[in-house]
$ cat start_29.cif   # mmCIF, N, CA and C atoms
data_query
#
loop_
_atom_site.label_atom_id
_atom_site.label_comp_id
_atom_site.auth_asym_id
_atom_site.auth_seq_id
_atom_site.Cartn_x
_atom_site.Cartn_y
_atom_site.Cartn_z
N MET A 1 94.28 222.12 107.76
CA MET A 1 93.12 222.84 108.25
C MET A 1 93.37 224.32 108.05
N PRO A 2 92.34 225.06 107.57
CA PRO A 2 92.52 226.48 107.32
C PRO A 2 92.83 227.23 108.61
N GLY A 3 93.52 228.36 108.44
CA GLY A 3 93.90 229.18 109.58
C GLY A 3 92.73 230.00 110.08
N PRO A 4 93.02 230.95 110.98
CA PRO A 4 91.96 231.78 111.52
C PRO A 4 91.28 232.60 110.43
N ARG A 5 90.07 232.99 110.71
CA ARG A 5 89.30 233.76 109.74
C ARG A 5 90.01 235.05 109.39
N ALA A 6 90.05 235.36 108.10
CA ALA A 6 90.66 236.60 107.65
C ALA A 6 89.72 237.77 107.91
N GLN A 7 90.31 238.94 108.06
CA GLN A 7 89.54 240.15 108.29
C GLN A 7 88.70 240.46 107.05
N GLN A 8 87.44 240.82 107.29
CA GLN A 8 86.52 241.19 106.21
C GLN A 8 86.92 242.56 105.67
N PRO A 9 87.12 242.70 104.34
CA PRO A 9 87.48 244.01 103.81
C PRO A 9 86.33 245.01 104.02
N ALA A 10 86.68 246.25 104.33
CA ALA A 10 85.66 247.29 104.53
C ALA A 10 84.86 247.47 103.24
N GLY A 11 83.55 247.55 103.37
CA GLY A 11 82.68 247.75 102.22
C GLY A 11 82.29 246.47 101.51
N ALA A 12 82.77 245.34 101.99
CA ALA A 12 82.44 244.06 101.36
C ALA A 12 81.38 243.36 102.21
N PRO A 13 80.50 242.61 101.57
CA PRO A 13 79.48 241.88 102.32
C PRO A 13 80.08 240.74 103.14
N PRO A 14 79.39 240.33 104.21
CA PRO A 14 79.86 239.17 104.99
C PRO A 14 80.01 237.95 104.09
N GLY A 15 81.12 237.26 104.21
CA GLY A 15 81.38 236.09 103.38
C GLY A 15 82.21 236.40 102.15
N TRP A 16 82.49 237.69 101.93
CA TRP A 16 83.31 238.09 100.79
C TRP A 16 84.68 237.42 100.93
N PRO A 17 85.24 236.91 99.83
CA PRO A 17 86.51 236.17 99.95
C PRO A 17 87.67 237.05 100.40
N PRO A 18 88.47 236.53 101.34
CA PRO A 18 89.66 237.28 101.77
C PRO A 18 90.62 237.49 100.61
N GLY A 19 91.26 238.63 100.59
CA GLY A 19 92.23 238.93 99.54
C GLY A 19 91.62 239.54 98.30
N VAL A 20 90.30 239.58 98.21
CA VAL A 20 89.63 240.20 97.07
C VAL A 20 89.10 241.56 97.54
N PRO A 21 89.56 242.64 96.90
CA PRO A 21 89.06 243.96 97.29
C PRO A 21 87.54 244.04 97.12
N PRO A 22 86.89 244.94 97.85
CA PRO A 22 85.44 245.07 97.73
C PRO A 22 85.03 245.46 96.30
N PRO A 23 83.78 245.17 95.95
CA PRO A 23 83.29 245.51 94.60
C PRO A 23 83.50 246.99 94.28
N ARG A 24 83.80 247.22 93.03
CA ARG A 24 84.00 248.55 92.46
C ARG A 24 85.28 249.24 92.94
N SER A 25 86.12 248.56 93.72
CA SER A 25 87.41 249.16 94.05
C SER A 25 88.41 248.77 92.96
N PRO A 26 89.50 249.53 92.81
CA PRO A 26 90.46 249.23 91.74
C PRO A 26 91.00 247.80 91.83
N GLY A 27 90.95 247.10 90.72
CA GLY A 27 91.51 245.76 90.61
C GLY A 27 90.68 244.65 91.22
N TRP A 28 89.49 244.97 91.71
CA TRP A 28 88.72 243.95 92.40
C TRP A 28 88.31 242.81 91.45
N GLU A 29 87.96 243.13 90.20
CA GLU A 29 87.49 242.08 89.30
C GLU A 29 88.63 241.12 88.91
N ARG A 30 89.83 241.64 88.79
CA ARG A 30 90.99 240.77 88.49
C ARG A 30 91.24 239.83 89.66
N SER A 31 91.17 240.36 90.89
CA SER A 31 91.34 239.52 92.09
C SER A 31 90.22 238.50 92.20
N ALA A 32 89.00 238.93 91.87
CA ALA A 32 87.86 238.02 91.92
C ALA A 32 88.04 236.88 90.92
N THR A 33 88.51 237.20 89.72
CA THR A 33 88.75 236.18 88.70
C THR A 33 89.80 235.19 89.18
N SER A 34 90.85 235.68 89.77
CA SER A 34 91.90 234.80 90.28
C SER A 34 91.35 233.89 91.39
N TRP A 35 90.57 234.46 92.31
CA TRP A 35 89.97 233.66 93.38
C TRP A 35 89.07 232.58 92.80
N LEU A 36 88.25 232.94 91.84
CA LEU A 36 87.33 231.96 91.23
C LEU A 36 88.13 230.84 90.54
N LEU A 37 89.17 231.21 89.82
CA LEU A 37 90.00 230.19 89.16
C LEU A 37 90.67 229.27 90.18
N ASP A 38 91.03 229.82 91.34
CA ASP A 38 91.62 229.00 92.41
C ASP A 38 90.64 227.96 92.93
N HIS A 39 89.35 228.17 92.72
CA HIS A 39 88.32 227.26 93.24
C HIS A 39 87.71 226.39 92.14
N CYS A 40 88.35 226.39 90.99
CA CYS A 40 87.96 225.52 89.88
C CYS A 40 89.13 224.58 89.59
N PRO A 41 88.91 223.57 88.76
CA PRO A 41 90.03 222.69 88.39
C PRO A 41 91.19 223.50 87.80
N ALA A 42 92.40 223.09 88.10
CA ALA A 42 93.59 223.81 87.64
C ALA A 42 93.62 224.00 86.13
N ASP A 43 93.08 223.06 85.39
CA ASP A 43 93.08 223.15 83.92
C ASP A 43 92.27 224.33 83.40
N PHE A 44 91.40 224.90 84.23
CA PHE A 44 90.60 226.05 83.78
C PHE A 44 91.49 227.24 83.42
N ARG A 45 92.67 227.32 84.02
CA ARG A 45 93.56 228.45 83.72
C ARG A 45 94.06 228.40 82.28
N ALA A 46 93.96 227.26 81.63
CA ALA A 46 94.41 227.13 80.24
C ALA A 46 93.41 227.73 79.25
N TYR A 47 92.20 228.02 79.70
CA TYR A 47 91.16 228.56 78.82
C TYR A 47 91.08 230.07 79.01
N ASP A 48 91.46 230.81 77.98
CA ASP A 48 91.49 232.26 78.11
C ASP A 48 90.11 232.90 78.22
N ALA A 49 89.07 232.21 77.82
CA ALA A 49 87.72 232.78 77.90
C ALA A 49 87.31 233.08 79.33
N TRP A 50 87.80 232.29 80.29
CA TRP A 50 87.44 232.55 81.68
C TRP A 50 87.99 233.89 82.14
N GLN A 51 89.17 234.25 81.66
CA GLN A 51 89.76 235.55 82.01
C GLN A 51 89.00 236.69 81.33
N ARG A 52 88.61 236.47 80.09
CA ARG A 52 87.92 237.52 79.32
C ARG A 52 86.46 237.68 79.72
N HIS A 53 85.85 236.63 80.25
CA HIS A 53 84.42 236.66 80.57
C HIS A 53 84.18 236.22 82.01
N PRO A 54 84.47 237.09 82.97
CA PRO A 54 84.32 236.70 84.37
C PRO A 54 82.89 236.32 84.76
N VAL A 55 81.91 236.83 84.04
CA VAL A 55 80.52 236.42 84.33
C VAL A 55 80.37 234.92 84.10
N ALA A 56 80.94 234.42 83.01
CA ALA A 56 80.88 232.99 82.72
C ALA A 56 81.70 232.19 83.73
N LEU A 57 82.86 232.71 84.08
CA LEU A 57 83.70 232.03 85.08
C LEU A 57 82.97 231.92 86.41
N ALA A 58 82.36 233.01 86.86
CA ALA A 58 81.65 232.99 88.14
C ALA A 58 80.51 231.98 88.08
N TRP A 59 79.81 231.94 86.97
CA TRP A 59 78.70 231.01 86.81
C TRP A 59 79.18 229.56 86.92
N VAL A 60 80.25 229.22 86.20
CA VAL A 60 80.74 227.84 86.24
C VAL A 60 81.37 227.52 87.59
N ALA A 61 82.03 228.50 88.22
CA ALA A 61 82.64 228.27 89.54
C ALA A 61 81.58 227.96 90.59
N VAL A 62 80.46 228.69 90.56
CA VAL A 62 79.37 228.43 91.50
C VAL A 62 78.86 227.00 91.32
N HIS A 63 78.69 226.58 90.08
CA HIS A 63 78.22 225.20 89.83
C HIS A 63 79.26 224.18 90.26
N HIS A 64 80.52 224.47 90.02
CA HIS A 64 81.58 223.53 90.38
C HIS A 64 81.67 223.37 91.90
N ILE A 65 81.66 224.47 92.62
CA ILE A 65 81.73 224.41 94.08
C ILE A 65 80.50 223.72 94.65
N ASP A 66 79.34 224.01 94.07
CA ASP A 66 78.10 223.36 94.52
C ASP A 66 78.20 221.84 94.35
N ALA A 67 78.75 221.40 93.23
CA ALA A 67 78.90 219.96 92.99
C ALA A 67 79.87 219.34 94.00
N GLN A 68 80.95 220.04 94.32
CA GLN A 68 81.89 219.54 95.33
C GLN A 68 81.21 219.43 96.70
N LEU A 69 80.41 220.42 97.02
CA LEU A 69 79.71 220.42 98.31
C LEU A 69 78.72 219.26 98.38
N ARG A 70 77.99 219.02 97.31
CA ARG A 70 77.07 217.87 97.28
C ARG A 70 77.84 216.57 97.43
N ALA A 71 78.97 216.45 96.77
CA ALA A 71 79.78 215.23 96.86
C ALA A 71 80.30 215.04 98.29
N MET A 72 80.74 216.11 98.93
CA MET A 72 81.26 216.01 100.29
C MET A 72 80.15 215.58 101.26
N ARG A 73 78.95 216.12 101.07
CA ARG A 73 77.82 215.74 101.93
C ARG A 73 77.49 214.25 101.74
N GLU A 74 77.55 213.80 100.51
CA GLU A 74 77.26 212.39 100.23
C GLU A 74 78.34 211.50 100.86
N CYS A 75 79.60 211.91 100.78
CA CYS A 75 80.68 211.15 101.42
C CYS A 75 80.47 211.09 102.93
N TYR A 76 80.08 212.21 103.51
CA TYR A 76 79.87 212.26 104.95
C TYR A 76 78.75 211.28 105.35
N ARG A 77 77.68 211.23 104.55
CA ARG A 77 76.57 210.32 104.85
C ARG A 77 76.96 208.85 104.70
N ARG A 78 77.84 208.55 103.76
CA ARG A 78 78.11 207.16 103.43
C ARG A 78 79.40 206.60 104.04
N ALA A 79 80.23 207.44 104.60
CA ALA A 79 81.57 207.01 105.03
C ALA A 79 81.54 205.87 106.03
N ARG A 80 80.73 205.96 107.05
CA ARG A 80 80.72 204.91 108.09
C ARG A 80 80.32 203.55 107.52
N VAL A 81 79.33 203.56 106.65
CA VAL A 81 78.83 202.29 106.08
C VAL A 81 79.83 201.72 105.08
N GLU A 82 80.35 202.58 104.20
CA GLU A 82 81.19 202.09 103.11
C GLU A 82 82.66 201.94 103.48
N LEU A 83 83.13 202.66 104.49
CA LEU A 83 84.54 202.58 104.88
C LEU A 83 84.77 201.96 106.24
N GLY A 84 83.73 201.89 107.04
CA GLY A 84 83.86 201.48 108.43
C GLY A 84 84.70 200.24 108.66
N GLU A 85 84.48 199.20 107.89
CA GLU A 85 85.21 197.94 108.09
C GLU A 85 86.57 197.93 107.41
N GLN A 86 86.84 198.91 106.55
CA GLN A 86 88.10 198.92 105.81
C GLN A 86 89.18 199.76 106.50
N LEU A 87 88.79 200.60 107.43
CA LEU A 87 89.75 201.46 108.11
C LEU A 87 90.21 200.84 109.42
N PRO A 88 91.42 201.16 109.83
CA PRO A 88 91.89 200.65 111.12
C PRO A 88 91.09 201.28 112.26
N GLU A 89 91.11 200.63 113.38
CA GLU A 89 90.42 201.11 114.59
C GLU A 89 90.83 202.55 114.89
N GLY A 90 89.87 203.37 115.17
CA GLY A 90 90.12 204.76 115.53
C GLY A 90 90.29 205.72 114.38
N ALA A 91 90.30 205.24 113.15
CA ALA A 91 90.50 206.12 111.99
C ALA A 91 89.22 206.85 111.58
N MET A 92 88.08 206.22 111.80
CA MET A 92 86.83 206.81 111.33
C MET A 92 86.55 208.19 111.93
N PRO A 93 86.76 208.42 113.22
CA PRO A 93 86.51 209.77 113.75
C PRO A 93 87.34 210.85 113.03
N GLN A 94 88.58 210.53 112.71
CA GLN A 94 89.42 211.49 112.02
C GLN A 94 88.92 211.73 110.60
N VAL A 95 88.51 210.67 109.92
CA VAL A 95 87.96 210.80 108.57
C VAL A 95 86.71 211.68 108.61
N MET A 96 85.83 211.43 109.57
CA MET A 96 84.60 212.20 109.68
C MET A 96 84.90 213.67 110.00
N GLU A 97 85.90 213.89 110.85
CA GLU A 97 86.29 215.27 111.19
C GLU A 97 86.80 216.01 109.95
N HIS A 98 87.61 215.33 109.15
CA HIS A 98 88.14 215.95 107.93
C HIS A 98 87.03 216.21 106.91
N LEU A 99 86.10 215.28 106.78
CA LEU A 99 84.97 215.49 105.88
C LEU A 99 84.13 216.69 106.32
N ALA A 100 83.90 216.80 107.63
CA ALA A 100 83.13 217.93 108.15
C ALA A 100 83.86 219.25 107.92
N ALA A 101 85.17 219.26 108.14
CA ALA A 101 85.95 220.48 107.93
C ALA A 101 85.93 220.89 106.46
N GLU A 102 86.04 219.92 105.58
CA GLU A 102 86.00 220.24 104.15
C GLU A 102 84.61 220.74 103.75
N GLY A 103 83.59 220.18 104.34
CA GLY A 103 82.23 220.66 104.08
C GLY A 103 82.07 222.11 104.51
N GLN A 104 82.62 222.47 105.67
CA GLN A 104 82.56 223.86 106.12
C GLN A 104 83.34 224.78 105.19
N ARG A 105 84.50 224.34 104.76
CA ARG A 105 85.29 225.16 103.84
C ARG A 105 84.54 225.38 102.54
N LEU A 106 83.91 224.32 102.04
CA LEU A 106 83.17 224.44 100.79
C LEU A 106 81.92 225.32 100.94
N ARG A 107 81.27 225.26 102.09
CA ARG A 107 80.11 226.14 102.31
C ARG A 107 80.54 227.60 102.27
N ALA A 108 81.68 227.90 102.90
CA ALA A 108 82.20 229.27 102.87
C ALA A 108 82.59 229.67 101.44
N ALA A 109 83.22 228.76 100.71
CA ALA A 109 83.59 229.04 99.32
C ALA A 109 82.35 229.25 98.46
N ASP A 110 81.31 228.49 98.72
CA ASP A 110 80.06 228.63 97.98
C ASP A 110 79.48 230.02 98.21
N ARG A 111 79.44 230.47 99.46
CA ARG A 111 78.93 231.80 99.78
C ARG A 111 79.77 232.88 99.08
N SER A 112 81.08 232.75 99.16
CA SER A 112 81.97 233.71 98.52
C SER A 112 81.79 233.75 97.01
N ALA A 113 81.71 232.58 96.39
CA ALA A 113 81.55 232.51 94.94
C ALA A 113 80.23 233.14 94.50
N ARG A 114 79.18 232.92 95.26
CA ARG A 114 77.88 233.51 94.92
C ARG A 114 77.90 235.03 95.08
N LEU A 115 78.62 235.52 96.10
CA LEU A 115 78.77 236.97 96.27
C LEU A 115 79.55 237.57 95.10
N LEU A 116 80.63 236.89 94.70
CA LEU A 116 81.41 237.37 93.56
C LEU A 116 80.57 237.35 92.29
N GLN A 117 79.80 236.30 92.10
CA GLN A 117 78.96 236.21 90.92
C GLN A 117 77.99 237.39 90.86
N SER A 118 77.35 237.69 91.97
CA SER A 118 76.41 238.82 92.00
C SER A 118 77.12 240.13 91.71
N ALA A 119 78.29 240.33 92.33
CA ALA A 119 79.03 241.57 92.12
C ALA A 119 79.48 241.71 90.67
N ILE A 120 79.96 240.61 90.09
CA ILE A 120 80.41 240.65 88.69
C ILE A 120 79.23 240.95 87.76
N GLN A 121 78.06 240.49 88.13
CA GLN A 121 76.86 240.78 87.34
C GLN A 121 76.35 242.20 87.56
N GLY A 122 76.97 242.92 88.50
CA GLY A 122 76.58 244.29 88.75
C GLY A 122 75.49 244.47 89.78
N VAL A 123 75.15 243.40 90.49
CA VAL A 123 74.12 243.48 91.52
C VAL A 123 74.74 244.15 92.75
N PRO A 124 74.20 245.28 93.18
CA PRO A 124 74.79 245.95 94.35
C PRO A 124 74.46 245.22 95.64
N TYR A 125 75.41 245.27 96.56
CA TYR A 125 75.18 244.66 97.87
C TYR A 125 74.43 245.67 98.73
N ILE A 126 73.30 245.22 99.29
CA ILE A 126 72.51 246.06 100.18
C ILE A 126 72.47 245.36 101.53
N PRO A 127 73.12 245.95 102.53
CA PRO A 127 73.13 245.30 103.86
C PRO A 127 71.70 245.14 104.39
N ARG A 128 71.45 244.04 105.05
CA ARG A 128 70.15 243.80 105.69
C ARG A 128 70.23 244.25 107.13
N LEU A 129 69.12 244.70 107.63
CA LEU A 129 69.06 245.12 109.04
C LEU A 129 68.81 243.97 109.93
#

$ encode --input "start_29.cif" --output "C-alpha cells"
Amino acid sequence: MPGPRAQQPAGAPPGWPPGVPPPRSPGWERSATSWLLDHCPADFRAYDAWQRHPVALAWVAVHHIDAQLRAMRECYRRARVELGEQLPEGAMPQVMEHLAAEGQRLRAADRSARLLQSAIQGVPYIPRL
C-alpha cells in the first residue's frame, strides 16, 4: 500500500506527480519522462523514441494508464461473481480492498499523467478559483 501523500511541489498543479519538479523548472521534463516510463510497461525503456519524444510518451502513457484503470474497474465489478466460490472464506474482502486501493492509485496516476501531458505540450497551468 502506498505511503502518505507526498508534498505538492510549489508552482505545480494539484495532482502533479511527486518527485517531478514543476513545469519549466530545470530538469522537469527529464523527471517527467522518467515518471511516465515508470507507469508504462518496463519494455518501453528499450525504445529510445520515448526519451527523444516526450509528447509521444505522455500520449501513450495516458492511454496505457487509462486502460489499466478500466481493467481494474472491470475486475472490481466482476470479482465477487467470478472468484467468490474459488477463494477461501474471508478472502474476498481483502481482494476487494486491494482492488479498490489499486483503483485509487491508478486514478491518481491518471491525473498526474494528464497533467504531465498538458505541460509537455506547453499548455500552461491556470489555477481555478

$ resolve_selection --input "start_29.cif" --expression "the PyMOL selection byres ((chain A and resi 110-118) around 8)" --output "VMD selection string"
chain A and resid 13 to 18 32 35 to 36 54 to 55 57 to 59 61 to 62 65 to 66 104 to 109 119 to 125

$ select_by_dssp --input "start_29.cif" --residues "region 3-110 of chain A" --states "helix (DSSP H, G or I)" --output "number ranges by chain"
A: 28-38, 42-46, 48-52, 54-83, 91-110

$ atom_distance --input "start_29.cif" --atom1 "atom C of Arg52 (chain A)" --atom2 "atom N of Ser25 (chain A)"
17.7 Å

$ closest_residue --input "start_29.cif" --among "A:Ala91, A:Leu99, A:Val60, A:Ile126" --to "Cys75 (chain A)" --atoms "all atoms listed in the file"
A:Leu99

$ atom_distance --input "start_29.cif" --atom1 "CA of Asp38 (chain A)" --atom2 "CA of His98 (chain A)"
20.6 Å

$ axis_aligned_box --input "start_29.cif" --around "region 106-124 of chain A" --padding-each-side "5 Å" --output "JSON"
{"center_x": 79.0, "center_y": 235.1, "center_z": 95.1, "size_x": 19.8, "size_y": 31.6, "size_z": 25.6}

$ atom_distance --input "start_29.cif" --atom1 "CA of Asp48 (chain A)" --atom2 "CA of Val20 (chain A)"
20.6 Å
